[in-house]
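The data block below is final.cif; it holds mmCIF, C-alpha atoms.
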data_model
loop_
_atom_site.label_atom_id
_atom_site.label_comp_id
_atom_site.auth_asym_id
_atom_site.auth_seq_id
_atom_site.Cartn_x
_atom_site.Cartn_y
_atom_site.Cartn_z
CA MET X 856 -38.83 -17.25 -1.36
CA PRO X 857 -37.10 -19.51 -3.93
CA GLN X 858 -33.36 -18.94 -4.21
CA SER X 859 -33.53 -18.30 -7.98
CA ILE X 860 -35.73 -15.19 -7.66
CA PRO X 861 -33.64 -12.23 -6.45
CA ASP X 862 -35.22 -10.06 -3.80
CA ARG X 863 -35.41 -6.79 -5.78
CA ARG X 864 -36.56 -4.99 -2.67
CA TYR X 865 -33.05 -5.33 -1.39
CA THR X 866 -31.37 -3.43 -4.25
CA SER X 867 -32.68 -0.12 -2.91
CA GLY X 868 -30.62 -0.67 0.24
CA SER X 869 -27.33 0.96 1.19
CA PRO X 870 -23.92 -0.56 0.36
CA LEU X 871 -23.44 -1.13 4.10
CA ARG X 872 -26.53 -3.43 4.15
CA GLY X 873 -25.12 -5.36 1.20
CA ALA X 874 -21.69 -5.63 2.83
CA LEU X 875 -23.17 -6.95 6.11
CA LEU X 876 -25.31 -9.43 4.23
CA ALA X 877 -22.27 -10.67 2.27
CA LEU X 878 -20.30 -11.18 5.49
CA LEU X 879 -23.13 -13.07 7.18
CA VAL X 880 -23.70 -15.31 4.14
CA SER X 881 -20.00 -16.18 3.91
CA GLU X 882 -19.66 -16.95 7.65
CA ASP X 883 -20.93 -20.27 8.95
CA GLU X 884 -21.59 -19.12 12.49
CA PRO X 885 -23.67 -16.24 13.87
CA LEU X 886 -21.70 -13.04 14.47
CA SER X 887 -22.07 -10.27 17.02
CA GLY X 888 -22.68 -6.68 15.94
CA TYR X 889 -19.24 -5.75 17.24
CA ARG X 890 -17.53 -8.48 15.22
CA LEU X 891 -19.51 -7.53 12.09
CA ALA X 892 -18.57 -3.87 12.49
CA THR X 893 -14.87 -4.83 12.78
CA LEU X 894 -15.02 -7.09 9.71
CA VAL X 895 -16.96 -4.64 7.55
CA GLU X 896 -14.61 -1.80 8.47
CA ARG X 897 -11.63 -3.95 7.45
CA ARG X 898 -13.15 -5.07 4.15
CA LEU X 899 -14.53 -1.69 3.04
CA GLY X 900 -11.47 0.24 4.24
CA PRO X 901 -11.18 3.46 6.23
CA ALA X 902 -12.56 5.63 3.40
CA TRP X 903 -16.08 4.40 4.20
CA ARG X 904 -15.85 5.73 7.74
CA VAL X 905 -18.16 3.03 9.00
CA THR X 906 -19.54 3.77 12.47
CA ARG X 907 -20.77 1.18 14.98
CA GLN X 908 -24.08 3.02 15.11
CA SER X 909 -24.61 2.72 11.33
CA VAL X 910 -23.80 -1.01 11.49
CA TYR X 911 -26.39 -1.62 14.23
CA GLY X 912 -28.95 0.48 12.31
CA ALA X 913 -28.38 -1.50 9.10
CA LEU X 914 -28.63 -4.82 11.01
CA GLU X 915 -31.95 -3.68 12.50
CA ARG X 916 -33.36 -2.92 9.05
CA LEU X 917 -32.03 -6.20 7.60
CA SER X 918 -33.79 -7.98 10.46
CA GLU X 919 -37.05 -6.12 9.76
CA ASP X 920 -36.81 -7.18 6.09
CA GLY X 921 -36.41 -10.83 7.13
CA LEU X 922 -32.90 -11.13 5.69
CA VAL X 923 -31.15 -11.48 9.05
CA SER X 924 -32.23 -13.34 12.16
CA VAL X 925 -31.24 -12.23 15.65
CA THR X 926 -30.67 -14.67 18.49
CA SER X 927 -29.29 -14.40 21.98
CA LYS X 928 -26.10 -16.29 22.68
CA VAL X 929 -26.20 -18.02 26.05
CA ALA X 930 -24.13 -16.09 28.53
CA PHE X 931 -21.53 -17.71 30.76
CA HIS X 932 -23.03 -19.67 33.70
CA GLY X 933 -26.48 -18.76 32.38
CA ALA X 934 -26.24 -15.42 34.16
CA GLY X 935 -27.52 -12.17 32.70
CA GLU X 936 -28.73 -11.50 29.19
CA GLY X 937 -26.86 -13.24 26.36
CA GLN X 938 -25.05 -11.37 23.57
CA ARG X 939 -27.14 -10.63 20.47
CA VAL X 940 -25.77 -12.46 17.44
CA TYR X 941 -26.83 -12.22 13.82
CA SER X 942 -27.08 -14.82 11.06
CA ALA X 943 -28.31 -14.80 7.46
CA THR X 944 -31.77 -16.21 6.71
CA ASP X 945 -32.55 -18.35 3.63
CA ARG X 946 -33.76 -15.27 1.80
CA ALA X 947 -30.40 -13.54 2.31
CA HIS X 948 -28.66 -15.51 -0.48
CA ALA X 949 -31.06 -14.30 -3.17
CA ALA X 950 -30.91 -10.73 -1.80
CA LEU X 951 -27.12 -10.80 -1.89
CA GLU X 952 -27.18 -12.06 -5.47
CA ALA X 953 -29.56 -9.24 -6.39
CA TRP X 954 -27.17 -6.70 -4.83
CA MET X 955 -24.17 -8.12 -6.70
CA GLU X 956 -25.91 -8.05 -10.07
CA SER X 957 -27.76 -4.72 -9.65
CA PRO X 958 -26.57 -2.07 -12.15
CA ALA X 959 -23.87 0.25 -10.78
CA THR X 960 -24.46 3.97 -11.22
CA ARG X 961 -22.26 7.03 -10.75
CA GLU X 962 -22.84 8.45 -7.28
CA PRO X 963 -23.70 12.16 -7.19
CA VAL X 964 -20.84 14.47 -6.13
CA ARG X 965 -21.71 15.69 -2.65
CA VAL X 966 -18.49 17.07 -1.23
CA GLU X 967 -19.66 19.85 1.04
CA LEU X 968 -16.69 22.05 0.15
CA GLN X 969 -17.70 21.96 -3.52
CA ALA X 970 -21.13 23.28 -2.55
CA ARG X 971 -19.52 26.03 -0.48
CA ILE X 972 -17.37 27.06 -3.46
CA ALA X 973 -20.34 26.90 -5.83
CA LEU X 974 -22.24 29.40 -3.69
CA SER X 975 -19.33 31.56 -2.53
CA ARG X 976 -18.57 35.23 -3.19
CA ALA X 977 -15.13 36.69 -3.91
CA ASN X 978 -14.74 37.89 -0.32
CA ASP X 979 -15.16 34.28 0.90
CA ALA X 980 -11.87 33.42 -0.85
CA PRO X 981 -9.65 33.48 2.30
CA HIS X 982 -12.10 31.13 4.09
CA LEU X 983 -12.18 28.84 1.07
CA LEU X 984 -8.38 28.71 0.87
CA ARG X 985 -8.21 27.63 4.52
CA ALA X 986 -10.95 25.08 3.91
CA LEU X 987 -8.98 23.70 0.95
CA ASP X 988 -5.94 23.31 3.24
CA ALA X 989 -8.05 21.40 5.77
CA TYR X 990 -9.59 19.21 3.06
CA GLU X 991 -6.10 18.45 1.72
CA ARG X 992 -4.95 17.36 5.19
CA ASP X 993 -8.03 15.15 5.42
CA CYS X 994 -7.12 13.53 2.06
CA PHE X 995 -3.55 12.86 3.24
CA GLU X 996 -4.87 11.43 6.51
CA MET X 997 -7.09 9.11 4.49
CA LEU X 998 -4.08 8.10 2.37
CA ARG X 999 -2.15 7.33 5.54
CA LYS X 1000 -4.98 5.23 6.99
CA SER X 1001 -5.56 3.30 3.77
CA SER X 1002 -1.81 2.60 3.57
CA GLU X 1003 -1.70 1.01 7.02
CA ALA X 1004 -3.44 -2.20 5.95
CA GLU X 1005 -1.06 -4.49 4.10
CA VAL X 1006 -3.02 -6.67 1.72
CA GLN X 1007 -1.46 -9.73 0.12
CA MET X 1008 -2.42 -10.68 -3.41
CA GLY X 1009 -3.10 -14.31 -4.29
CA SER X 1010 -6.54 -14.74 -2.73
CA TRP X 1011 -9.87 -13.36 -3.92
CA VAL X 1012 -10.28 -11.40 -0.67
CA GLY X 1013 -6.80 -9.88 -1.17
CA LEU X 1014 -7.60 -8.89 -4.74
CA ALA X 1015 -10.98 -7.44 -3.72
CA MET X 1016 -9.42 -5.41 -0.91
CA ASN X 1017 -6.66 -4.14 -3.20
CA LEU X 1018 -9.26 -3.03 -5.76
CA THR X 1019 -11.13 -1.20 -3.01
CA ARG X 1020 -7.92 0.56 -1.98
CA LEU X 1021 -7.16 1.42 -5.61
CA ALA X 1022 -10.58 3.09 -5.92
CA VAL X 1023 -9.79 5.19 -2.82
CA ASP X 1024 -6.31 6.05 -4.17
CA GLU X 1025 -7.65 7.17 -7.54
CA SER X 1026 -10.31 9.26 -5.88
CA LEU X 1027 -7.76 10.83 -3.48
CA GLN X 1028 -5.42 11.57 -6.39
CA ALA X 1029 -8.28 13.33 -8.24
CA ASP X 1030 -9.29 15.25 -5.10
CA LEU X 1031 -5.71 16.39 -4.42
CA ARG X 1032 -5.36 17.60 -8.01
CA TRP X 1033 -8.67 19.45 -7.72
CA ILE X 1034 -7.54 21.08 -4.43
CA ALA X 1035 -4.23 22.19 -6.01
CA LEU X 1036 -5.94 23.64 -9.08
CA ALA X 1037 -8.73 25.29 -7.04
CA ARG X 1038 -6.10 26.93 -4.82
CA ARG X 1039 -4.12 28.09 -7.87
CA TRP X 1040 -7.19 29.50 -9.65
CA ILE X 1041 -8.42 31.34 -6.54
CA GLU X 1042 -4.96 32.79 -5.83
CA GLU X 1043 -4.55 33.89 -9.46
CA PHE X 1044 -7.99 35.55 -9.36
CA LEU X 1045 -7.08 37.40 -6.15
CA THR X 1046 -3.80 38.59 -7.69
CA GLU X 1047 -5.57 39.89 -10.79
CA HIS X 1048 -8.50 41.42 -8.84
CA PRO X 1049 -7.01 42.61 -5.52
CA ALA X 1050 -10.00 44.88 -4.78
CA ARG X 1051 -12.45 41.94 -4.80
CA GLN X 1052 -11.07 40.63 -1.50
CA GLN X 1053 -12.20 43.76 0.29
CA ARG X 1054 -15.81 43.71 -0.87
CA MET H 42 20.66 21.33 13.85
CA SER H 43 18.93 19.44 11.03
CA LEU H 44 20.88 17.26 8.61
CA LEU H 45 19.57 19.16 5.57
CA SER H 46 17.85 22.48 5.90
CA LEU H 47 16.32 24.94 3.44
CA GLU H 48 15.80 28.37 4.94
CA HIS H 49 13.47 30.94 3.34
CA VAL H 50 14.29 29.76 -0.17
CA THR H 51 12.85 31.70 -3.11
CA LYS H 52 13.34 30.80 -6.76
CA ARG H 53 11.98 32.64 -9.80
CA PHE H 54 12.16 31.87 -13.49
CA ALA H 55 11.69 34.27 -16.39
CA GLU H 56 8.35 33.71 -18.09
CA GLY H 57 7.28 35.87 -21.02
CA ARG H 58 7.85 39.50 -20.10
CA GLY H 59 7.63 38.81 -16.38
CA HIS H 60 8.70 36.05 -14.08
CA CYS H 61 7.18 33.06 -12.35
CA THR H 62 7.83 32.40 -8.65
CA VAL H 63 8.34 28.65 -8.31
CA LEU H 64 9.38 28.59 -4.65
CA GLU H 65 8.51 31.42 -2.29
CA ASP H 66 10.09 31.86 1.13
CA LEU H 67 10.07 28.09 1.55
CA SER H 68 11.67 26.33 4.52
CA LEU H 69 12.18 22.61 5.07
CA GLN H 70 14.15 20.57 7.60
CA ILE H 71 15.25 16.98 6.99
CA GLU H 72 16.47 14.90 9.91
CA PRO H 73 18.57 11.69 9.83
CA GLY H 74 16.35 8.70 9.00
CA ASP H 75 13.48 10.92 7.82
CA PHE H 76 11.11 9.60 5.17
CA VAL H 77 9.32 12.54 3.57
CA GLY H 78 6.80 12.47 0.73
CA ILE H 79 6.15 15.68 -1.20
CA TRP H 80 3.08 15.68 -3.43
CA GLY H 81 2.40 18.28 -6.10
CA ILE H 82 0.87 18.64 -9.55
CA ARG H 83 3.04 19.20 -12.63
CA ARG H 84 4.98 22.47 -12.68
CA SER H 85 4.46 22.95 -8.96
CA GLY H 86 8.23 23.24 -8.39
CA LYS H 87 9.03 19.75 -7.06
CA SER H 88 12.09 19.20 -9.30
CA THR H 89 13.37 22.72 -8.62
CA LEU H 90 13.01 22.13 -4.88
CA LEU H 91 14.98 18.86 -5.05
CA ARG H 92 17.66 20.35 -7.31
CA ILE H 93 18.16 23.22 -4.85
CA ALA H 94 18.16 20.80 -1.87
CA SER H 95 20.82 18.70 -3.63
CA GLY H 96 23.03 21.72 -4.36
CA ARG H 97 22.70 21.32 -8.13
CA GLU H 98 20.93 24.64 -8.41
CA LEU H 99 21.09 27.79 -6.32
CA PRO H 100 18.09 29.68 -4.97
CA ASP H 101 17.64 33.40 -5.76
CA THR H 102 17.42 34.11 -2.04
CA GLY H 103 17.59 31.93 1.05
CA LYS H 104 20.10 29.39 2.30
CA VAL H 105 20.62 25.65 2.10
CA TRP H 106 22.55 23.93 4.89
CA PHE H 107 23.87 20.38 4.95
CA ASP H 108 25.37 18.98 8.13
CA GLY H 109 26.20 22.42 9.47
CA GLN H 110 27.76 23.69 6.22
CA GLU H 111 26.09 26.31 4.08
CA MET H 112 25.86 24.81 0.60
CA THR H 113 24.63 28.05 -0.95
CA GLY H 114 27.92 29.71 -0.01
CA MET H 115 30.14 27.00 -1.53
CA SER H 116 31.85 26.92 -4.92
CA PRO H 117 30.29 24.57 -7.52
CA ASP H 118 33.28 22.21 -7.08
CA ARG H 119 32.79 21.98 -3.32
CA ARG H 120 29.06 21.37 -3.75
CA ALA H 121 29.85 18.58 -6.26
CA ALA H 122 32.36 17.07 -3.81
CA LEU H 123 29.73 17.16 -1.07
CA ARG H 124 27.37 15.19 -3.31
CA ARG H 125 30.06 12.57 -3.89
CA HIS H 126 31.10 12.04 -0.28
CA SER H 127 28.38 11.03 2.19
CA GLY H 128 26.26 13.95 1.09
CA VAL H 129 23.04 14.43 -0.80
CA GLY H 130 22.13 12.14 -3.72
CA LEU H 131 19.48 12.92 -6.32
CA LEU H 132 17.71 10.14 -8.24
CA SER H 133 15.90 11.46 -11.31
CA SER H 134 13.78 9.57 -13.79
CA ASP H 135 15.79 11.05 -16.68
CA TRP H 136 18.95 8.95 -16.11
CA ARG H 137 20.25 7.83 -19.51
CA PRO H 138 22.90 5.08 -19.32
CA GLU H 139 25.34 4.22 -22.11
CA ARG H 140 23.66 1.31 -23.86
CA ASN H 141 26.71 -0.93 -24.28
CA LYS H 142 28.30 -0.34 -20.90
CA PRO H 143 27.60 -2.99 -18.21
CA ALA H 144 25.61 -1.95 -15.14
CA VAL H 145 28.55 -2.48 -12.77
CA GLU H 146 30.70 -0.03 -14.74
CA HIS H 147 28.02 2.64 -14.54
CA VAL H 148 28.19 2.32 -10.76
CA ALA H 149 32.01 1.98 -10.50
CA LEU H 150 33.19 4.65 -12.96
CA PRO H 151 32.07 7.72 -10.97
CA LEU H 152 34.38 6.50 -8.17
CA LEU H 153 37.43 6.83 -10.47
CA SER H 154 37.25 10.61 -10.20
CA ASP H 155 37.91 10.13 -6.47
CA GLY H 156 41.27 8.56 -7.32
CA MET H 157 40.21 4.89 -7.11
CA SER H 158 41.38 2.36 -9.66
CA LEU H 159 38.71 0.42 -11.58
CA HIS H 160 39.72 -2.68 -9.60
CA GLU H 161 39.23 -0.84 -6.29
CA ALA H 162 35.93 0.71 -7.44
CA ARG H 163 34.36 -2.63 -8.35
CA GLN H 164 33.97 -3.76 -4.75
CA PRO H 165 31.82 -0.84 -3.51
CA ALA H 166 29.97 -0.94 -6.86
CA TRP H 167 29.02 -4.59 -6.27
CA LYS H 168 27.97 -3.79 -2.72
CA ALA H 169 25.69 -0.98 -3.95
CA LEU H 170 24.21 -3.19 -6.67
CA GLU H 171 23.52 -5.90 -4.07
CA GLN H 172 21.93 -3.32 -1.81
CA VAL H 173 19.33 -2.50 -4.49
CA GLY H 174 18.86 -6.12 -5.61
CA ALA H 175 20.58 -5.52 -8.97
CA ALA H 176 23.65 -7.76 -8.65
CA ARG H 177 22.06 -10.36 -10.98
CA TRP H 178 22.35 -8.13 -14.01
CA ALA H 179 25.61 -6.39 -13.04
CA HIS H 180 27.40 -7.52 -16.21
CA MET H 181 24.49 -6.95 -18.56
CA PRO H 182 24.74 -4.00 -20.99
CA ALA H 183 22.49 -1.20 -19.73
CA GLY H 184 20.65 -1.13 -23.07
CA ARG H 185 19.22 -4.56 -22.35
CA LEU H 186 17.82 -3.65 -18.94
CA SER H 187 14.14 -2.87 -18.32
CA GLN H 188 13.25 0.59 -17.04
CA GLY H 189 12.79 -0.81 -13.52
CA GLU H 190 16.23 -2.44 -13.62
CA ARG H 191 17.83 0.77 -14.98
CA THR H 192 16.27 2.73 -12.12
CA ARG H 193 17.87 0.34 -9.63
CA VAL H 194 21.29 0.76 -11.32
CA ALA H 195 20.83 4.55 -11.19
CA LEU H 196 20.02 4.19 -7.48
CA ALA H 197 23.13 2.05 -6.94
CA GLN H 198 25.19 4.74 -8.71
CA ILE H 199 24.05 7.16 -6.00
CA LEU H 200 24.28 4.75 -3.05
CA VAL H 201 27.90 3.90 -3.90
CA HIS H 202 28.76 7.39 -2.57
CA GLU H 203 27.02 6.48 0.74
CA PRO H 204 24.78 9.54 0.84
CA ARG H 205 23.08 10.53 4.06
CA VAL H 206 20.15 12.12 2.21
CA LEU H 207 18.56 10.62 -0.89
CA LEU H 208 16.24 12.83 -2.94
CA VAL H 209 14.00 11.00 -5.41
CA ASP H 210 12.29 12.92 -8.23
CA GLU H 211 9.12 11.43 -9.77
CA PRO H 212 10.00 7.74 -9.39
CA ALA H 213 6.65 6.58 -10.83
CA VAL H 214 6.91 8.28 -14.21
CA LEU H 215 8.59 5.60 -16.32
CA LEU H 216 7.91 2.48 -14.26
CA LYS H 217 5.30 -0.23 -14.62
CA PRO H 218 3.03 -0.36 -11.54
CA SER H 219 4.63 -3.60 -10.28
CA GLU H 220 8.17 -2.18 -10.75
CA GLY H 221 7.04 0.96 -8.95
CA VAL H 222 5.72 -0.94 -5.91
CA GLU H 223 9.01 -2.87 -5.66
CA LEU H 224 11.04 0.36 -5.87
CA TYR H 225 8.95 2.15 -3.20
CA ASP H 226 9.32 -0.87 -0.88
CA LEU H 227 13.08 -0.86 -1.55
CA LEU H 228 13.34 2.86 -0.70
CA ARG H 229 11.37 2.30 2.50
CA SER H 230 13.60 -0.61 3.56
CA LEU H 231 16.74 1.44 2.76
CA CYS H 232 15.44 4.17 5.02
CA ASP H 233 14.64 1.67 7.80
CA SER H 234 17.85 -0.37 7.55
CA SER H 235 20.54 2.21 6.78
CA GLY H 236 19.10 5.30 8.42
CA ILE H 237 19.46 7.28 5.21
CA ALA H 238 16.99 10.18 5.02
CA ILE H 239 14.75 9.92 1.96
CA VAL H 240 12.66 12.63 0.31
CA ILE H 241 10.38 11.57 -2.55
CA ALA H 242 8.66 14.19 -4.72
CA SER H 243 5.86 12.89 -6.89
CA GLU H 244 2.65 13.87 -8.65
CA ASP H 245 1.44 10.33 -8.01
CA ILE H 246 0.43 9.38 -4.46
CA ALA H 247 1.60 5.75 -4.75
CA PRO H 248 5.34 6.45 -4.16
CA ILE H 249 4.72 8.62 -1.10
CA ARG H 250 1.94 6.67 0.62
CA LYS H 251 4.36 5.04 3.13
CA ALA H 252 6.17 8.29 3.93
CA ARG H 253 6.29 9.21 7.61
CA ARG H 254 5.85 12.93 6.82
CA LEU H 255 3.56 14.02 4.01
CA MET H 256 3.63 17.47 2.45
CA SER H 257 2.17 19.18 -0.57
CA LEU H 258 3.84 21.77 -2.78
CA GLY H 259 1.84 24.38 -4.64
CA GLY H 260 1.92 28.13 -5.27
CA GLY H 261 5.58 28.13 -4.22
CA LYS H 262 4.67 26.98 -0.70
CA LEU H 263 5.16 23.72 1.12
CA ARG H 264 2.24 22.61 3.28
CA SER H 265 2.95 20.04 5.95
CA THR H 266 -0.03 17.80 6.57
CA ASP H 267 1.02 16.90 10.10
CA GLN H 268 0.48 20.41 11.39
CA PRO H 269 -3.03 21.23 12.54
CA GLY H 270 -4.39 24.13 10.54
CA ASN H 271 -7.24 26.56 10.80
CA LEU H 272 -10.54 25.06 9.92
CA VAL H 273 -13.15 27.36 8.48
CA PRO H 274 -15.01 28.52 11.58
CA PHE H 275 -18.56 28.08 10.30
CA PRO H 276 -18.88 24.67 8.59
CA GLU H 277 -22.06 23.67 10.46
CA ARG H 278 -23.82 26.96 9.71
CA ALA H 279 -22.81 26.77 6.05
CA SER H 280 -23.93 23.15 5.66
CA GLY H 281 -27.19 23.94 7.49
CA ARG H 282 -27.94 26.75 5.06
CA LEU H 283 -27.17 24.54 2.08
CA ARG H 284 -29.39 21.73 3.27
CA SER H 285 -32.35 24.09 3.49
CA GLN H 286 -32.00 25.11 -0.14
CA PRO H 287 -34.41 23.62 -2.69
#
Using structure tokens, write down the structure that the file contains.
Amino acid sequence: MPQSIPDRRYTSGSPLRGALLALLVSEDEPLSGYRLATLVERRLGPAWRVTRQSVYGALERLSEDGLVSVTSKVAFHGAGEGQRVYSATDRAHAALEAWMESPATREPVRVELQARIALSRANDAPHLLRALDAYERDCFEMLRKSSEAEVQMGSWVGLAMNLTRLAVDESLQADLRWIALARRWIEEFLTEHPARQQR
Amino acid sequence: MSLLSLEHVTKRFAEGRGHCTVLEDLSLQIEPGDFVGIWGIRRSGKSTLLRIASGRELPDTGKVWFDGQEMTGMSPDRRAALRRHSGVGLLSSDWRPERNKPAVEHVALPLLSDGMSLHEARQPAWKALEQVGAARWAHMPAGRLSQGERTRVALAQILVHEPRVLLVDEPAVLLKPSEGVELYDLLRSLCDSSGIAIVIASEDIAPIRKARRLMSLGGGKLRSTDQPGNLVPFPERASGRLRSQP
């Protein structure tokens, strides 16, 4: 496929596929699945919760679509099966370009706790308050993890990683505010309607 | 025994015909070298908590201890003396310096009430300004300083008393993001290098992201995020039911 025609098929893929493709295009040498998982985890940050399994699954699909080629690296002393390594095919460049220029849309809100609250009854309130506590701890844990990586400004990669962290921070800030207000509203409701807890 | 300890503190304020409970049966222990971040939305009681912890305000019930002494049982003068001598410092964003007075005088003058001469007070004032990276503008009138520089002078004014606990109230409010990042790094390095215990209360997560202990304040209660809590016992069942819905 000519480089100038973006592979539109790719744009329906997941962000993880795009991220793996971007890493493979920017690296000169083939990379192992393990190395790719480590790099993608670092670049996307802990908020993505990338698993090794999802990385291998995405690489498999990229290979099926002809965007990634898989080869076996020769093992030491020619013994045993070599390590599988991945590299970008010629079509990968156009697919990556298509991903970068595809229109960004607002992701649907799918926090499970929000669904629980949407469908709850008044007597679920104590469970919901405990769930809010747990969700808050999860947010703080995410803040702690995203704070561990020190990123220096001055390079494009540094700027890109800082912007990724900023997106996580802003989202955590909004979630923490929502948790605090949800807790306050539920507690105020329970104070004003004490009988509703018993039903 | 902890360096600073709040025990079962409750604080209420009159609101309309009733009252509003800002802090309810709240306890908190601060150890030497601690670095604590307290997050909370506006009007969640963060400033009240810090003012009570610093001895500037008294709780309705409960006790506050500093270094084995009960602050809540002291006279206002003794509490003020405790703040001045290796005690508890409070940095607020509402510090308003005299516009024409140089930074170094803002830091030195509070020491005069301890019986020092202005000449004697200048040396520790310089040291405190150096500690916060503000020695460059020591002779500049405070009115010509940026908000970030003023905050550093305000910090030096507290550090000159060599506090063992530093309480910081909403450091992000008036600062530019870059000034904020520099201040949070400075606070962290002060904690690491001098062993001073630092407690930052903020509605913004940026100032507290490097804290070793994170807590949230809301509904009068302090929730520590490092304590495992009770998860709702049926998340899988609930999510399974939701997935099956149209």
Using the chain letters and numbering of this document, enumerate as a list in words the residues selected by the PyMOL selection byres ((chain X and resi 1038-1053) around 10). Arg976, Ala977, Asn978, Asp979, Ala980, Pro981, Leu983, Leu984, Arg985, Leu987, Asp988, Arg1032, Trp1033, Ile1034, Ala1035, Leu1036, Ala1037 and Arg1054 of chain X; Gly259 and Gly260 of chain H
Could you list, as a PyMOL selection string, every residue matched by the PyMOL selection byres ((chain X) within 6 of (chain H)) in this structure? chain X and resi 982+986+992
Taking C-alpha atoms for each residue, export the selection above as a PDB file, keeping the file's coordinate frame.
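Output file part_21.pdb follows:
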ATOM      1  CA  HIS X 982     -12.100  31.130   4.090  1.00  0.00           C
ATOM      2  CA  ALA X 986     -10.950  25.080   3.910  1.00  0.00           C
ATOM      3  CA  ARG X 992      -4.950  17.360   5.190  1.00  0.00           C
TER       4      ARG X 992
END
For Leu200 of chain H, which residue out of H:Arg92, H:Lys87, H:Arg53, H:Arg125 is the nearest one, using all atoms listed in the file? H:Arg125
Using the chain letters and residue numbers of this document, give as number ranges by chain the residues selected by the PyMOL selection byres ((chain X and resi 873) around 12). X: 865-872, 874-880, 895, 899, 910, 913-914, 916-917, 922-923, 943, 947-957
Ranking H:Arg229, H:Arg58, H:Arg137, H:His126 by minimum distance to Pro151 of chain H and counting all atoms listed in the file, which one comes first?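 Using all atoms listed in the file, Pro151 of chain H sits closest to H:His126.
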